[in-house]
Amino acid sequence: MSLWISFAIAAYFLLALNGIADKFLLSKAVKHPIAYAFYVGITGPLTLLIIPIGLLGSAFNLHFFKFDLAFQFLSVNATIIALIGGACFPLALYFSYKAVQQTSISRILPIQGGLVPFFTLLLAFIILRERLLPNQLIAFVFLVIGAVLISLKKKHGEWQALALQNAIISSFLFASSLTLTKYIFELANFGSGLIWTRLGFFLTSVSFLISHKSRSYIFNAPKETSTGNKFVYLGARVSGFFAGFLQNYAIAIGSVTLVNALQGTQYAFLLILAIILSVRFPKILKEDISREKIILKIISILLISAGLYFLAV
């Protein structure tokens with residue numbers, strides 16, 4: 001199995017842990033999506049912690065565990081693209097959280113599971129001129145169908161038009177962020193690309209403070225959150241930091257389209273974790289384990305496994 005596939009799967013396992021914590025906090029602690037998007041976004045500067053390592057690597061021509069972290073300045077055009085790529089991510093989080101608030105996460109995941117890989121495939125084709133080999137295209141189809149099915153839940157009622165609109169916007173922004181990040185990785189080394197895109201991530205998150213109404217939501221959130229929930233949030237951000245690091249490295253050395261399509265493995269991990277934790281938190285992490293749902297999940301996991309097989313051959 002290629003190294004980038006292993007890194008991507010490890011990233012999606014950590015993102016599954018992160019997703020469980022996010023669902024818990026959005027259900028119990030944080031009342032407005034912009035507040036949560038802000039606090040997730042301002043963790044972007046954690047990436048700056050690799051600058052001293054990068055400077056050390058530059059001075060002694062060192063590479064750390066195959067991660068090229070030597071810090072570099074980019075051209076003006078590349079810097080702008082990196083900032084835009086980074087900026088798209090917190091905006092995607094905001095629209096995603098907003099859509100969840102307007103409907104439910106069980107309706108959002110299938111939409112994002114299908115649209116994010118589709119938009120990434122399209123953008124990578126146009127911007128990166130990325131072309132998939134026949135076995136990779138087959139893997140892409142299996143992985144995306146598996147991701148949609150494993151995140152699908154039967155719900156009564158109709159979609160709200162605004163929720164669907166926000167889900168589509170968030171999917172496009174997620175795809176744009178990852179595609180532009182891959183573009184920067186082709187121009188610069190891994191460490192520099194990560195730092196400059198995360199700077200855009202941070203600046204956009206800070207811009208949420210411009211609105212007085214948004215500031216009130218943001219500054220009231222910590223006061224309304226218990227100490228225990230703050231530790232859950234901290235754990236989620238640590239998990240998210242390492243997940244982002246691994247996902248970005250997988251994108252840097254592999255196909256951004258296929259790394260995105262591998263998100264189905266995150267849903268598989270999420271399913272297993274949700275079943276285990278639903279015993280402890282049944283009201284928040286309740287998981288449907290009916291016979292019909294179990295069969296659907298098994299089919300989904302088999303499709304994802306088939307996708308992984310075609311990637312490995």
# chains A, B, ... in the order shown; residues from 1 in each chain; ligands from 1
call {"tool": "closest_atom_pairs", "arguments": {"of": "range 175-292 of chain A", "to": "range 98-119 of chain A", "cutoff": "8 Å", "atoms": "only C-alpha atoms", "output": "tab-separated table"}}
result
residue	atom	partner	partner_atom	distance
A:Ala175	CA	A:Val116	CA	5.4
A:Ser176	CA	A:Phe119	CA	7.8
A:Thr257	CA	A:Pro117	CA	6.4
A:Leu258	CA	A:Pro117	CA	7.9
A:Asn260	CA	A:Pro117	CA	5.6
A:Ala261	CA	A:Pro117	CA	5.4
A:Gln263	CA	A:Gly113	CA	7.4
A:Gly264	CA	A:Gly113	CA	7.3
call {"tool": "select_by_dssp", "arguments": {"residues": "range 98-168 of chain A", "states": "alpha helix (DSSP H)", "output": "ChimeraX atom specification"}}
result
/A:98-102,105-123,134-150,161-168
call {"tool": "write_last_selection", "arguments": {"atoms": "N, CA and C atoms", "output": "compact mmCIF listing (two decimals), in the first residue's frame"}}
result
# COMPACT_ATOMS: atom_id res chain seq x y z
N LYS A 98 -23.61 25.40 9.88
CA LYS A 98 -24.89 26.09 9.70
C LYS A 98 -25.92 25.14 9.10
N ALA A 99 -25.51 24.36 8.11
CA ALA A 99 -26.42 23.39 7.50
C ALA A 99 -26.87 22.34 8.51
N VAL A 100 -25.93 21.89 9.36
CA VAL A 100 -26.25 20.91 10.39
C VAL A 100 -27.28 21.49 11.36
N GLN A 101 -27.09 22.76 11.71
CA GLN A 101 -28.01 23.42 12.63
C GLN A 101 -29.41 23.54 12.02
N GLN A 102 -29.48 23.71 10.71
CA GLN A 102 -30.77 23.90 10.02
C GLN A 102 -31.49 22.59 9.76
N ILE A 105 -27.03 16.39 11.07
CA ILE A 105 -25.75 15.91 10.53
C ILE A 105 -25.96 14.67 9.66
N SER A 106 -27.01 13.90 9.95
CA SER A 106 -27.28 12.69 9.18
C SER A 106 -27.70 13.02 7.75
N ARG A 107 -28.19 14.23 7.51
CA ARG A 107 -28.55 14.66 6.17
C ARG A 107 -27.36 15.32 5.46
N ILE A 108 -26.48 15.92 6.24
CA ILE A 108 -25.34 16.64 5.66
C ILE A 108 -24.26 15.68 5.18
N LEU A 109 -23.96 14.64 5.96
CA LEU A 109 -22.85 13.74 5.63
C LEU A 109 -22.99 13.07 4.25
N PRO A 110 -24.18 12.56 3.87
CA PRO A 110 -24.28 11.97 2.53
C PRO A 110 -24.05 12.98 1.41
N ILE A 111 -24.54 14.21 1.61
CA ILE A 111 -24.33 15.26 0.61
C ILE A 111 -22.84 15.55 0.46
N GLN A 112 -22.16 15.77 1.58
CA GLN A 112 -20.72 16.07 1.53
C GLN A 112 -19.92 14.85 1.07
N GLY A 113 -20.37 13.65 1.48
CA GLY A 113 -19.67 12.43 1.06
C GLY A 113 -19.66 12.25 -0.44
N GLY A 114 -20.69 12.77 -1.12
CA GLY A 114 -20.74 12.67 -2.58
C GLY A 114 -20.21 13.89 -3.29
N LEU A 115 -20.55 15.08 -2.78
CA LEU A 115 -20.20 16.31 -3.50
C LEU A 115 -18.74 16.75 -3.33
N VAL A 116 -18.17 16.57 -2.13
CA VAL A 116 -16.78 17.00 -1.93
C VAL A 116 -15.83 16.25 -2.87
N PRO A 117 -15.90 14.91 -2.96
CA PRO A 117 -15.04 14.22 -3.94
C PRO A 117 -15.34 14.62 -5.39
N PHE A 118 -16.62 14.84 -5.70
CA PHE A 118 -16.97 15.25 -7.07
C PHE A 118 -16.37 16.60 -7.42
N PHE A 119 -16.54 17.58 -6.53
CA PHE A 119 -15.97 18.91 -6.77
C PHE A 119 -14.44 18.84 -6.82
N THR A 120 -13.85 17.99 -5.98
CA THR A 120 -12.39 17.85 -5.98
C THR A 120 -11.91 17.25 -7.30
N LEU A 121 -12.61 16.22 -7.77
CA LEU A 121 -12.27 15.61 -9.06
C LEU A 121 -12.32 16.66 -10.17
N LEU A 122 -13.36 17.49 -10.16
CA LEU A 122 -13.53 18.51 -11.20
C LEU A 122 -12.45 19.59 -11.10
N LEU A 123 -12.21 20.09 -9.88
CA LEU A 123 -11.23 21.16 -9.69
C LEU A 123 -9.81 20.67 -9.96
N PRO A 134 -7.09 4.07 -14.84
CA PRO A 134 -8.34 3.27 -14.81
C PRO A 134 -8.63 2.65 -13.45
N ASN A 135 -7.62 2.01 -12.82
CA ASN A 135 -7.86 1.40 -11.51
C ASN A 135 -8.17 2.44 -10.45
N GLN A 136 -7.57 3.64 -10.56
CA GLN A 136 -7.85 4.71 -9.62
C GLN A 136 -9.26 5.26 -9.79
N LEU A 137 -9.72 5.32 -11.04
CA LEU A 137 -11.08 5.79 -11.30
C LEU A 137 -12.11 4.81 -10.74
N ILE A 138 -11.84 3.51 -10.89
CA ILE A 138 -12.71 2.49 -10.31
C ILE A 138 -12.72 2.63 -8.79
N ALA A 139 -11.52 2.81 -8.21
CA ALA A 139 -11.41 2.99 -6.76
C ALA A 139 -12.19 4.21 -6.31
N PHE A 140 -12.09 5.30 -7.06
CA PHE A 140 -12.81 6.54 -6.74
C PHE A 140 -14.32 6.29 -6.67
N VAL A 141 -14.85 5.58 -7.66
CA VAL A 141 -16.29 5.30 -7.70
C VAL A 141 -16.71 4.47 -6.49
N PHE A 142 -15.97 3.40 -6.18
CA PHE A 142 -16.29 2.55 -5.03
C PHE A 142 -16.23 3.35 -3.73
N LEU A 143 -15.18 4.15 -3.57
CA LEU A 143 -14.99 4.90 -2.33
C LEU A 143 -16.09 5.93 -2.12
N VAL A 144 -16.48 6.62 -3.18
CA VAL A 144 -17.51 7.66 -3.04
C VAL A 144 -18.88 7.05 -2.77
N ILE A 145 -19.23 5.98 -3.50
CA ILE A 145 -20.52 5.32 -3.25
C ILE A 145 -20.55 4.76 -1.83
N GLY A 146 -19.44 4.15 -1.41
CA GLY A 146 -19.36 3.62 -0.04
C GLY A 146 -19.50 4.72 0.99
N ALA A 147 -18.89 5.87 0.75
CA ALA A 147 -18.96 7.00 1.69
C ALA A 147 -20.39 7.51 1.81
N VAL A 148 -21.08 7.61 0.67
CA VAL A 148 -22.47 8.11 0.69
C VAL A 148 -23.38 7.12 1.43
N LEU A 149 -23.24 5.84 1.12
CA LEU A 149 -24.11 4.83 1.74
C LEU A 149 -23.87 4.70 3.24
N ILE A 150 -22.61 4.75 3.66
CA ILE A 150 -22.31 4.54 5.08
C ILE A 150 -22.76 5.72 5.93
N ALA A 161 -34.56 24.21 1.87
CA ALA A 161 -33.77 24.67 0.73
C ALA A 161 -32.49 25.34 1.17
N LEU A 162 -32.54 26.14 2.25
CA LEU A 162 -31.37 26.86 2.72
C LEU A 162 -30.31 25.90 3.26
N ALA A 163 -30.74 24.84 3.94
CA ALA A 163 -29.80 23.85 4.47
C ALA A 163 -29.08 23.15 3.33
N LEU A 164 -29.83 22.79 2.29
CA LEU A 164 -29.22 22.14 1.12
C LEU A 164 -28.23 23.08 0.45
N GLN A 165 -28.61 24.35 0.33
CA GLN A 165 -27.71 25.35 -0.27
C GLN A 165 -26.42 25.47 0.51
N ASN A 166 -26.53 25.53 1.84
CA ASN A 166 -25.33 25.64 2.68
C ASN A 166 -24.47 24.39 2.60
N ALA A 167 -25.10 23.22 2.48
CA ALA A 167 -24.35 21.96 2.36
C ALA A 167 -23.56 21.94 1.05
N ILE A 168 -24.17 22.43 -0.03
CA ILE A 168 -23.48 22.46 -1.33
C ILE A 168 -22.33 23.46 -1.29
call {"tool": "closest_residue", "arguments": {"among": "A:Ser255, A:Gln72, A:Gly86, A:Gly191", "to": "Leu128 in chain A", "atoms": "only C-alpha atoms"}}
result
A:Ser255
call {"tool": "residues_around", "arguments": {"residues": "Thr204 in chain A", "least_positions_apart": "6", "cutoff": "8 Å", "atoms": "only C-alpha atoms", "output": "list in words"}}
result
Gly41, Ala87, Pro90 and Leu91 of chain A
call {"tool": "closest_residue", "arguments": {"among": "A:Leu3, A:Leu194, A:Leu273, A:Ile84", "to": "Ala21 in chain A", "atoms": "only C-alpha atoms"}}
result
A:Leu273
